[in-house]
Amino acid sequence: MLKDLSKSFGSVHAVQNLSLTIAPGTIFGFLGANGAGKTTTIRMLCGLTRPTGGTAAIARHDVWKDRQFVRTQFGYVAQRFSIYRDLTVVENLRFFGGACRVPRAALEERIENLLRLSDLEAKRNTEAGSLSGGMRQLLALACSLVHDPPLLFLDEPTSGLDPVHRQQIWNLLYDLSNRGKTIFVTTHYMDEAERCTEVGFLHSGRLLAKNSPRRLKSNFRTRLLEIDVEPLMPGLVSLRTLPGILGVSLRSGSLRIYAPQPEKLIETWRQRWPFPDLKLLGERWVEPDMEDVFTAYSQGYDELLKESVS
Amino acid sequence: MKGLSLGAILSVAYKEFLHIFRDRRVLLLLLILPPLFTLLFGHAFENTQLTDVPALLIDRDNTPRTERFINIISKDKTFRWKRAGPDFNRESDLLLNGVKASLVIPAGWSDSLSKGDPKPVPLYLDGSDTNTATALEGAVQQNLATFQAGERDLIVENLPDDVIELGKKLPVDIRKQFVSLMTAWSTDSKILYNAKSRFIDYVVPGIIGLILQLLTVTLMACTIAREREAGTLYQLMVTSLKRGEIVLGKILPYLVVSIVLILVVNLVTLLHFQVPLYQPTVLGLICLLFLLCSLGLGLLISAFSHTQTQAIQFSVFFLLPVFVLSGAFAPLEQLPSTIRYISELFPLTHFCRAFRLVNMYHAAAPFYLADLIVLFAGAVITFLGAAFLLKRIEQ
């Protein structure tokens, strides 16, 4: 779908030589820190900004040259809430339906279905601006689905939402995926990355990895060492500066150690604990999760991974 | 642009109409402002003549003759006279006296008139605004002339009999010439095109133009900028809408609203001020072209600015010189000729000229065709410019 896609703003390279293909029916999670180029990529794919290099195609149509056609093939939920606040739920749906040239005869029925799907039936005559954050997002999603596109672009659809609404949005996405829709979703919630069928890591405009979450996690060369230390925060600070450790992260009150040779590390620690001020309370081995994957890729911990990052 | 779908345009138009309808404050503004402005301006400029101007009168001569003059000038409604005693010597301090002019009849004035060496009458005028001083001077001159004619009649009536006998010996043609010289010469004026000399008749297009330009440019300027600010513009652009459909759909509701406004303003001027409308269809066409031009301008500003604040700022920058230089409220001929070239750039100038040519002069088409062409060209240019700028947003 994408080939060597690039976008530069002057000397700033927002996206560099991005190449990837997404199979129909996947939920593709596009991961990356803020400013990694996720939104720029989505905007290029939506034909909102012209790529400065490379090409991208949706259903074999170029996203820039054929943007008028391509736009009938996808729905887009922007990062910012971009539905008309002074229009009611139904008026918004009706407007976007008309704007996407949904035939009048089919429109009303489609709107009813979308209201049911997004659980907004009770709010049909509420102005969009007075909906709660979660409902706004559901409405934005419903509006993007009004012309029944095979592909959905969602730019951080759950940012700032409470867990209940996040769950609701994701249930909806599963439902849509089940019906054969392809979903392209950016996020920086790692638990959401776990829910995707495929995940791509974008870092400084470059795609570092693209695979299923399971495969990405199994890409770790070693298991991860987790230790309990008291006091906790001085422990975190001291361990970070220790040679042989790439990084330390705090997880549920324990310290997770990113090190190329954790076995050797724990061996020496068992013989002689190097910090007189800290107490080592416990140690265990854990399986890496998506957050570890994200940390390893975005921090460039090449030594931890089977396939090199660069 | 071809392949535009009416349904899509109407979708945008309906949405845009809802925006107007939902914003109660703007709606109120749209409903109240035009008739209010019309009433206000109509009455404000109803009478352009100066009346009841405070003025100071000092009589240092105090003779029956000066009494006769004061009697005449007191009847002039232009002035509201204050009197000061002959010893008052601060006559030139207009501000202190709270007057716009002060007239001093000097001591020995009557004598000087009798001696064939008339003394000039000192008159102090407030020149801060350029019109008042000349108007007041003219009024005083006129009163002096009336007084002079009266005095002449008095002299003629009281001429000794031998002088009259002597006069009868003059040749007839010379006597007739004398009679001619003794009567005031006058013009037989017929005021054309605005027989009642009512300013409201002149200023109607100015009011319509002012209100329409103000509302259409500023409201229209906000439409695209608002979508940009709210982020909905991108959402709009990923739909199947073409740029032409967005532009037309956005203009349509404002066009309808503006046409209603024109009707309201004309109704007020017709019913309240009895300003008749000549050839309503032609006037309608002029209004329509002007409207399209203004809407196009608003759209251009809108596509140009990134936020609503910017859009309003640009609108004000554009509208300010228009109001001063367009000849909406005063004849363009008051401006120096170089400035008039700038005036020709504003749609309001052409609108006012064409409207007056039709409604006041009852002129035939060739007289105002050029103005119509300029308005039409303006509309086309601004629309194309706006569509071009919209295209740039996509890059």
# chains A, B, ... in the order shown; residues from 1 in each chain; ligands from 1
>>> interface_residues(of="chain A", to="chain B", cutoff="8 Å", atoms="only C-alpha atoms", output="VMD selection string")
chain A and resid 46 to 50 68 to 69 71 to 72 75 to 78 80 to 84 86 to 87 91 95 to 96 98 to 101
>>> residues_around(residues="Glu198 in chain A", least_positions_apart="6", cutoff="10 Å", atoms="only C-alpha atoms", output="ChimeraX atom specification")
/A:22-23,26-30,184,210-216
>>> residues_around(residues="Leu208 in chain A", least_positions_apart="5", cutoff="12 Å", atoms="only C-alpha atoms", output="VMD selection string")
chain A and resid 16 to 20 30 to 32 36 199 to 203 216 293 to 302 305 307 to 310
>>> atom_distance(atom1="CA of Leu372 in chain B", atom2="CA of Arg243 in chain B")
26.9 Å
>>> residues_around(residues="range 137-142 of chain B", least_positions_apart="5", cutoff="8 Å", atoms="only C-alpha atoms", output="PDB file with N, CA and C atoms, in the first residue's frame")
ATOM      1  N   ILE B  73     -31.443  89.852  11.093  1.00  0.00           N
ATOM      2  CA  ILE B  73     -30.582  88.682  11.309  1.00  0.00           C
ATOM      3  C   ILE B  73     -31.120  87.801  12.430  1.00  0.00           C
ATOM      4  N   THR B  78     -30.739  79.985  11.145  1.00  0.00           N
ATOM      5  CA  THR B  78     -29.405  79.400  11.212  1.00  0.00           C
ATOM      6  C   THR B  78     -28.775  79.639  12.584  1.00  0.00           C
ATOM      7  N   LEU B 125     -15.239  83.278  13.146  1.00  0.00           N
ATOM      8  CA  LEU B 125     -15.872  81.992  12.800  1.00  0.00           C
ATOM      9  C   LEU B 125     -15.046  80.820  13.320  1.00  0.00           C
TER      10      LEU B 125
END
>>> atom_distance(atom1="CA of Pro234 in chain A", atom2="CA of Ala33 in chain A")
26.8 Å
>>> closest_residue(among="B:Thr338, B:Asn359, B:Thr223, B:Ser258", to="Thr307 in chain B", atoms="only C-alpha atoms")
B:Thr223
>>> residues_around(residues="range 237-245 of chain A", least_positions_apart="6", cutoff="10 Å", atoms="only C-alpha atoms", output="PyMOL selection string")
chain A and resi 255+257-262+264-265+274-275+278
>>> write_last_selection(atoms="C-alpha atoms", output="mmCIF file, in the first residue's frame")
data_model
loop_
_atom_site.group_PDB
_atom_site.id
_atom_site.type_symbol
_atom_site.label_atom_id
_atom_site.label_comp_id
_atom_site.auth_asym_id
_atom_site.auth_seq_id
_atom_site.Cartn_x
_atom_site.Cartn_y
_atom_site.Cartn_z
ATOM 1 C CA LEU A 255 11.976 -2.312 38.494
ATOM 2 C CA ILE A 257 15.816 -4.032 33.821
ATOM 3 C CA TYR A 258 16.724 -3.740 30.150
ATOM 4 C CA ALA A 259 20.161 -5.306 29.870
ATOM 5 C CA PRO A 260 21.856 -7.363 27.154
ATOM 6 C CA GLN A 261 22.992 -10.010 29.653
ATOM 7 C CA PRO A 262 20.600 -10.008 32.585
ATOM 8 C CA LYS A 264 25.212 -12.357 34.273
ATOM 9 C CA LEU A 265 23.963 -9.270 36.053
ATOM 10 C CA PRO A 274 26.681 -3.192 44.746
ATOM 11 C CA PHE A 275 24.458 -0.710 46.607
ATOM 12 C CA LEU A 278 19.501 -0.303 48.885
#
>>> select_by_dssp(residues="range 31-69 of chain A", states="strand (DSSP E or B)", output="ChimeraX atom specification")
/A:31,53-58,61-62
>>> atom_distance(atom1="CA of Val217 in chain B", atom2="CA of Leu299 in chain B")
7.7 Å
>>> closest_residue(among="B:Leu154, B:Lys75, B:Arg25, B:Gly378", to="Phe346 in chain B", atoms="only C-alpha atoms")
B:Gly378
>>> closest_residue(among="A:Thr182, A:Ala142, A:Thr52, A:Arg166", to="Pro24 in chain A", atoms="only C-alpha atoms")
A:Thr182
>>> residues_around(residues="range 177-180 of chain A", least_positions_apart="3", cutoff="10 Å", atoms="only C-alpha atoms", output="PDB file with C-alpha atoms, in the first residue's frame")
ATOM      1  CA  PRO A  24      -7.605  -6.012   4.041  1.00  0.00           C
ATOM      2  CA  GLY A  25      -9.366  -6.846   7.310  1.00  0.00           C
ATOM      3  CA  THR A  26      -6.451  -6.086   9.619  1.00  0.00           C
ATOM      4  CA  ILE A  27      -6.504  -3.780  12.587  1.00  0.00           C
ATOM      5  CA  PRO A 150     -13.987  -0.408   3.506  1.00  0.00           C
ATOM      6  CA  LEU A 151     -11.122   1.386   5.293  1.00  0.00           C
ATOM      7  CA  LEU A 152     -11.004   3.516   8.440  1.00  0.00           C
ATOM      8  CA  ASN A 171     -15.424  -3.132  20.953  1.00  0.00           C
ATOM      9  CA  LEU A 172     -16.828  -1.144  18.084  1.00  0.00           C
ATOM     10  CA  LEU A 173     -13.575  -1.474  16.159  1.00  0.00           C
ATOM     11  CA  TYR A 174     -13.548  -5.263  16.687  1.00  0.00           C
ATOM     12  CA  ILE A 183      -8.705  -0.314  10.369  1.00  0.00           C
TER      13      ILE A 183
END
>>> residues_around(residues="Val374 in chain B", least_positions_apart="4", cutoff="12 Å", atoms="only C-alpha atoms", output="PDB file with C-alpha atoms, in the first residue's frame")
ATOM      1  CA  ILE B 286     -27.183  45.708  -9.208  1.00  0.00           C
ATOM      2  CA  LEU B 289     -23.868  41.636  -8.406  1.00  0.00           C
ATOM      3  CA  PHE B 290     -22.690  43.712  -5.487  1.00  0.00           C
ATOM      4  CA  LEU B 292     -21.736  38.308  -5.081  1.00  0.00           C
ATOM      5  CA  CYS B 293     -18.756  40.628  -5.094  1.00  0.00           C
ATOM      6  CA  GLU B 344     -12.746  52.895  -8.128  1.00  0.00           C
ATOM      7  CA  LEU B 345     -11.234  49.700  -6.683  1.00  0.00           C
ATOM      8  CA  PHE B 346     -14.040  49.247  -4.154  1.00  0.00           C
ATOM      9  CA  PRO B 347     -17.220  47.409  -5.119  1.00  0.00           C
ATOM     10  CA  LEU B 348     -19.241  49.782  -2.924  1.00  0.00           C
ATOM     11  CA  THR B 349     -18.231  52.735  -5.127  1.00  0.00           C
ATOM     12  CA  HIS B 350     -19.618  51.091  -8.233  1.00  0.00           C
ATOM     13  CA  PHE B 351     -22.681  49.842  -6.418  1.00  0.00           C
ATOM     14  CA  ARG B 353     -22.972  54.959  -8.449  1.00  0.00           C
ATOM     15  CA  ALA B 354     -25.031  52.433 -10.411  1.00  0.00           C
ATOM     16  CA  TYR B 368     -24.119  52.283 -15.554  1.00  0.00           C
ATOM     17  CA  LEU B 369     -23.030  49.334 -17.658  1.00  0.00           C
ATOM     18  CA  ALA B 370     -19.362  49.898 -16.801  1.00  0.00           C
ATOM     19  CA  GLY B 378     -14.942  41.524  -9.053  1.00  0.00           C
ATOM     20  CA  ALA B 379     -17.246  38.644  -8.197  1.00  0.00           C
ATOM     21  CA  VAL B 380     -15.544  36.302 -10.670  1.00  0.00           C
ATOM     22  CA  ILE B 381     -12.030  37.277  -9.554  1.00  0.00           C
TER      23      ILE B 381
END
>>> closest_atom_pairs(of="range 151-251 of chain B", to="range 323-336 of chain B", cutoff="12 Å", atoms="only C-alpha atoms", output="Markdown table")
| residue | atom | partner | partner_atom | distance |
| --- | --- | --- | --- | --- |
| B:Phe199 | CA | B:Phe329 | CA | 9.2 |
| B:Ile200 | CA | B:Phe329 | CA | 9.9 |
| B:Asp201 | CA | B:Phe329 | CA | 11.1 |
| B:Tyr202 | CA | B:Phe329 | CA | 8.1 |
| B:Val203 | CA | B:Phe329 | CA | 5.9 |
| B:Val204 | CA | B:Ala328 | CA | 8.8 |
| B:Pro205 | CA | B:Ala328 | CA | 7.1 |
| B:Gly206 | CA | B:Ala328 | CA | 4.1 |
| B:Ile207 | CA | B:Ala328 | CA | 7.5 |
| B:Ile208 | CA | B:Ala328 | CA | 9.4 |
| B:Gly209 | CA | B:Ala328 | CA | 7.6 |
| B:Leu210 | CA | B:Phe323 | CA | 7.3 |
| B:Ile211 | CA | B:Phe323 | CA | 10.7 |
| B:Gln213 | CA | B:Phe323 | CA | 9.6 |
| B:Leu214 | CA | B:Phe323 | CA | 9.8 |
>>> decode(residues="range 329-379 of chain B", atoms="N, CA and C atoms", output="PDB file, in the first residue's frame")
ATOM      1  N   PHE B 329     -21.603  58.019   1.475  1.00  0.00           N
ATOM      2  CA  PHE B 329     -22.333  59.043   2.232  1.00  0.00           C
ATOM      3  C   PHE B 329     -22.029  60.465   1.758  1.00  0.00           C
ATOM      4  N   ALA B 330     -21.031  60.608   0.935  1.00  0.00           N
ATOM      5  CA  ALA B 330     -20.704  61.940   0.430  1.00  0.00           C
ATOM      6  C   ALA B 330     -20.259  61.776  -1.014  1.00  0.00           C
ATOM      7  N   PRO B 331     -20.463  62.819  -1.813  1.00  0.00           N
ATOM      8  CA  PRO B 331     -20.094  62.677  -3.218  1.00  0.00           C
ATOM      9  C   PRO B 331     -18.600  62.417  -3.383  1.00  0.00           C
ATOM     10  N   LEU B 332     -18.306  61.546  -4.332  1.00  0.00           N
ATOM     11  CA  LEU B 332     -16.921  61.197  -4.633  1.00  0.00           C
ATOM     12  C   LEU B 332     -16.130  62.426  -5.066  1.00  0.00           C
ATOM     13  N   GLU B 333     -16.870  63.421  -5.619  1.00  0.00           N
ATOM     14  CA  GLU B 333     -16.217  64.610  -6.170  1.00  0.00           C
ATOM     15  C   GLU B 333     -15.534  65.436  -5.084  1.00  0.00           C
ATOM     16  N   GLN B 334     -15.856  65.137  -3.813  1.00  0.00           N
ATOM     17  CA  GLN B 334     -15.179  65.841  -2.728  1.00  0.00           C
ATOM     18  C   GLN B 334     -13.725  65.393  -2.588  1.00  0.00           C
ATOM     19  N   LEU B 335     -13.444  64.200  -3.132  1.00  0.00           N
ATOM     20  CA  LEU B 335     -12.094  63.658  -2.977  1.00  0.00           C
ATOM     21  C   LEU B 335     -11.196  64.170  -4.089  1.00  0.00           C
ATOM     22  N   PRO B 336      -9.889  64.316  -3.806  1.00  0.00           N
ATOM     23  CA  PRO B 336      -8.959  64.674  -4.884  1.00  0.00           C
ATOM     24  C   PRO B 336      -8.924  63.574  -5.942  1.00  0.00           C
ATOM     25  N   SER B 337      -8.608  63.968  -7.177  1.00  0.00           N
ATOM     26  CA  SER B 337      -8.770  63.021  -8.281  1.00  0.00           C
ATOM     27  C   SER B 337      -7.874  61.798  -8.145  1.00  0.00           C
ATOM     28  N   THR B 338      -6.689  61.927  -7.526  1.00  0.00           N
ATOM     29  CA  THR B 338      -5.804  60.759  -7.395  1.00  0.00           C
ATOM     30  C   THR B 338      -6.428  59.727  -6.444  1.00  0.00           C
ATOM     31  N   ILE B 339      -7.060  60.231  -5.376  1.00  0.00           N
ATOM     32  CA  ILE B 339      -7.691  59.326  -4.421  1.00  0.00           C
ATOM     33  C   ILE B 339      -8.872  58.622  -5.094  1.00  0.00           C
ATOM     34  N   ARG B 340      -9.515  59.322  -6.018  1.00  0.00           N
ATOM     35  CA  ARG B 340     -10.681  58.728  -6.673  1.00  0.00           C
ATOM     36  C   ARG B 340     -10.322  57.457  -7.431  1.00  0.00           C
ATOM     37  N   TYR B 341      -9.075  57.369  -7.894  1.00  0.00           N
ATOM     38  CA  TYR B 341      -8.661  56.125  -8.570  1.00  0.00           C
ATOM     39  C   TYR B 341      -8.731  54.952  -7.599  1.00  0.00           C
ATOM     40  N   ILE B 342      -8.350  55.217  -6.346  1.00  0.00           N
ATOM     41  CA  ILE B 342      -8.417  54.151  -5.339  1.00  0.00           C
ATOM     42  C   ILE B 342      -9.874  53.785  -5.079  1.00  0.00           C
ATOM     43  N   SER B 343     -10.723  54.817  -5.019  1.00  0.00           N
ATOM     44  CA  SER B 343     -12.147  54.564  -4.782  1.00  0.00           C
ATOM     45  C   SER B 343     -12.725  53.605  -5.821  1.00  0.00           C
ATOM     46  N   GLU B 344     -12.205  53.733  -7.055  1.00  0.00           N
ATOM     47  CA  GLU B 344     -12.746  52.895  -8.128  1.00  0.00           C
ATOM     48  C   GLU B 344     -12.482  51.411  -7.883  1.00  0.00           C
ATOM     49  N   LEU B 345     -11.560  51.101  -6.961  1.00  0.00           N
ATOM     50  CA  LEU B 345     -11.234  49.700  -6.683  1.00  0.00           C
ATOM     51  C   LEU B 345     -12.301  49.031  -5.813  1.00  0.00           C
ATOM     52  N   PHE B 346     -13.103  49.831  -5.108  1.00  0.00           N
ATOM     53  CA  PHE B 346     -14.040  49.247  -4.154  1.00  0.00           C
ATOM     54  C   PHE B 346     -15.383  48.940  -4.807  1.00  0.00           C
ATOM     55  N   PRO B 347     -15.905  47.763  -4.554  1.00  0.00           N
ATOM     56  CA  PRO B 347     -17.220  47.409  -5.119  1.00  0.00           C
ATOM     57  C   PRO B 347     -18.309  48.396  -4.682  1.00  0.00           C
ATOM     58  N   LEU B 348     -18.200  48.892  -3.446  1.00  0.00           N
ATOM     59  CA  LEU B 348     -19.241  49.782  -2.924  1.00  0.00           C
ATOM     60  C   LEU B 348     -19.359  51.053  -3.774  1.00  0.00           C
ATOM     61  N   THR B 349     -18.218  51.542  -4.277  1.00  0.00           N
ATOM     62  CA  THR B 349     -18.231  52.735  -5.127  1.00  0.00           C
ATOM     63  C   THR B 349     -19.112  52.509  -6.350  1.00  0.00           C
ATOM     64  N   HIS B 350     -18.878  51.385  -7.001  1.00  0.00           N
ATOM     65  CA  HIS B 350     -19.618  51.091  -8.233  1.00  0.00           C
ATOM     66  C   HIS B 350     -21.081  50.809  -7.940  1.00  0.00           C
ATOM     67  N   PHE B 351     -21.298  50.139  -6.798  1.00  0.00           N
ATOM     68  CA  PHE B 351     -22.681  49.842  -6.418  1.00  0.00           C
ATOM     69  C   PHE B 351     -23.465  51.134  -6.187  1.00  0.00           C
ATOM     70  N   CYS B 352     -22.886  52.050  -5.407  1.00  0.00           N
ATOM     71  CA  CYS B 352     -23.589  53.301  -5.093  1.00  0.00           C
ATOM     72  C   CYS B 352     -23.831  54.103  -6.362  1.00  0.00           C
ATOM     73  N   ARG B 353     -22.831  54.167  -7.243  1.00  0.00           N
ATOM     74  CA  ARG B 353     -22.972  54.959  -8.449  1.00  0.00           C
ATOM     75  C   ARG B 353     -24.076  54.387  -9.333  1.00  0.00           C
ATOM     76  N   ALA B 354     -24.033  53.056  -9.542  1.00  0.00           N
ATOM     77  CA  ALA B 354     -25.031  52.433 -10.411  1.00  0.00           C
ATOM     78  C   ALA B 354     -26.430  52.581  -9.811  1.00  0.00           C
ATOM     79  N   PHE B 355     -26.526  52.355  -8.512  1.00  0.00           N
ATOM     80  CA  PHE B 355     -27.826  52.443  -7.836  1.00  0.00           C
ATOM     81  C   PHE B 355     -28.399  53.854  -7.991  1.00  0.00           C
ATOM     82  N   ARG B 356     -27.563  54.884  -7.803  1.00  0.00           N
ATOM     83  CA  ARG B 356     -28.055  56.264  -7.901  1.00  0.00           C
ATOM     84  C   ARG B 356     -28.394  56.615  -9.339  1.00  0.00           C
ATOM     85  N   LEU B 357     -27.585  56.123 -10.260  1.00  0.00           N
ATOM     86  CA  LEU B 357     -27.873  56.407 -11.667  1.00  0.00           C
ATOM     87  C   LEU B 357     -29.257  55.896 -12.025  1.00  0.00           C
ATOM     88  N   VAL B 358     -29.605  54.736 -11.508  1.00  0.00           N
ATOM     89  CA  VAL B 358     -30.916  54.176 -11.834  1.00  0.00           C
ATOM     90  C   VAL B 358     -32.004  54.864 -11.021  1.00  0.00           C
ATOM     91  N   ASN B 359     -31.810  54.909  -9.702  1.00  0.00           N
ATOM     92  CA  ASN B 359     -32.915  55.319  -8.834  1.00  0.00           C
ATOM     93  C   ASN B 359     -33.130  56.824  -8.809  1.00  0.00           C
ATOM     94  N   MET B 360     -32.076  57.620  -8.986  1.00  0.00           N
ATOM     95  CA  MET B 360     -32.242  59.072  -8.919  1.00  0.00           C
ATOM     96  C   MET B 360     -32.266  59.694 -10.304  1.00  0.00           C
ATOM     97  N   TYR B 361     -31.374  59.227 -11.184  1.00  0.00           N
ATOM     98  CA  TYR B 361     -31.281  59.842 -12.504  1.00  0.00           C
ATOM     99  C   TYR B 361     -32.195  59.176 -13.523  1.00  0.00           C
ATOM    100  N   HIS B 362     -32.728  57.982 -13.146  1.00  0.00           N
ATOM    101  CA  HIS B 362     -33.519  57.186 -14.095  1.00  0.00           C
ATOM    102  C   HIS B 362     -32.735  57.000 -15.393  1.00  0.00           C
ATOM    103  N   ALA B 363     -31.439  56.725 -15.234  1.00  0.00           N
ATOM    104  CA  ALA B 363     -30.546  56.665 -16.385  1.00  0.00           C
ATOM    105  C   ALA B 363     -30.755  55.371 -17.171  1.00  0.00           C
ATOM    106  N   ALA B 364     -30.367  55.424 -18.447  1.00  0.00           N
ATOM    107  CA  ALA B 364     -30.455  54.238 -19.300  1.00  0.00           C
ATOM    108  C   ALA B 364     -29.218  53.366 -19.064  1.00  0.00           C
ATOM    109  N   ALA B 365     -29.320  52.117 -19.512  1.00  0.00           N
ATOM    110  CA  ALA B 365     -28.288  51.117 -19.241  1.00  0.00           C
ATOM    111  C   ALA B 365     -26.851  51.557 -19.563  1.00  0.00           C
ATOM    112  N   PRO B 366     -26.605  52.214 -20.726  1.00  0.00           N
ATOM    113  CA  PRO B 366     -25.207  52.539 -21.046  1.00  0.00           C
ATOM    114  C   PRO B 366     -24.508  53.370 -19.969  1.00  0.00           C
ATOM    115  N   PHE B 367     -25.301  54.131 -19.184  1.00  0.00           N
ATOM    116  CA  PHE B 367     -24.679  54.981 -18.173  1.00  0.00           C
ATOM    117  C   PHE B 367     -24.031  54.165 -17.051  1.00  0.00           C
ATOM    118  N   TYR B 368     -24.645  53.026 -16.713  1.00  0.00           N
ATOM    119  CA  TYR B 368     -24.119  52.283 -15.554  1.00  0.00           C
ATOM    120  C   TYR B 368     -23.574  50.901 -15.925  1.00  0.00           C
ATOM    121  N   LEU B 369     -23.505  50.647 -17.218  1.00  0.00           N
ATOM    122  CA  LEU B 369     -23.030  49.334 -17.658  1.00  0.00           C
ATOM    123  C   LEU B 369     -21.610  49.054 -17.153  1.00  0.00           C
ATOM    124  N   ALA B 370     -20.762  50.084 -17.223  1.00  0.00           N
ATOM    125  CA  ALA B 370     -19.362  49.898 -16.801  1.00  0.00           C
ATOM    126  C   ALA B 370     -19.298  49.448 -15.345  1.00  0.00           C
ATOM    127  N   ASP B 371     -20.145  50.062 -14.509  1.00  0.00           N
ATOM    128  CA  ASP B 371     -20.137  49.690 -13.090  1.00  0.00           C
ATOM    129  C   ASP B 371     -20.573  48.241 -12.903  1.00  0.00           C
ATOM    130  N   LEU B 372     -21.584  47.820 -13.677  1.00  0.00           N
ATOM    131  CA  LEU B 372     -22.046  46.439 -13.577  1.00  0.00           C
ATOM    132  C   LEU B 372     -20.935  45.477 -13.979  1.00  0.00           C
ATOM    133  N   ILE B 373     -20.216  45.845 -15.043  1.00  0.00           N
ATOM    134  CA  ILE B 373     -19.138  44.972 -15.514  1.00  0.00           C
ATOM    135  C   ILE B 373     -18.059  44.849 -14.435  1.00  0.00           C
ATOM    136  N   VAL B 374     -17.726  45.976 -13.813  1.00  0.00           N
ATOM    137  CA  VAL B 374     -16.703  45.935 -12.755  1.00  0.00           C
ATOM    138  C   VAL B 374     -17.159  45.034 -11.608  1.00  0.00           C
ATOM    139  N   LEU B 375     -18.428  45.184 -11.194  1.00  0.00           N
ATOM    140  CA  LEU B 375     -18.935  44.351 -10.097  1.00  0.00           C
ATOM    141  C   LEU B 375     -18.884  42.872 -10.470  1.00  0.00           C
ATOM    142  N   PHE B 376     -19.285  42.580 -11.705  1.00  0.00           N
ATOM    143  CA  PHE B 376     -19.291  41.187 -12.162  1.00  0.00           C
ATOM    144  C   PHE B 376     -17.869  40.628 -12.174  1.00  0.00           C
ATOM    145  N   ALA B 377     -16.954  41.429 -12.711  1.00  0.00           N
ATOM    146  CA  ALA B 377     -15.547  40.996 -12.762  1.00  0.00           C
ATOM    147  C   ALA B 377     -15.020  40.765 -11.358  1.00  0.00           C
ATOM    148  N   GLY B 378     -15.380  41.672 -10.452  1.00  0.00           N
ATOM    149  CA  GLY B 378     -14.942  41.524  -9.053  1.00  0.00           C
ATOM    150  C   GLY B 378     -15.424  40.218  -8.466  1.00  0.00           C
ATOM    151  N   ALA B 379     -16.693  39.886  -8.731  1.00  0.00           N
ATOM    152  CA  ALA B 379     -17.246  38.644  -8.197  1.00  0.00           C
ATOM    153  C   ALA B 379     -16.472  37.445  -8.736  1.00  0.00           C
TER     154      ALA B 379
END
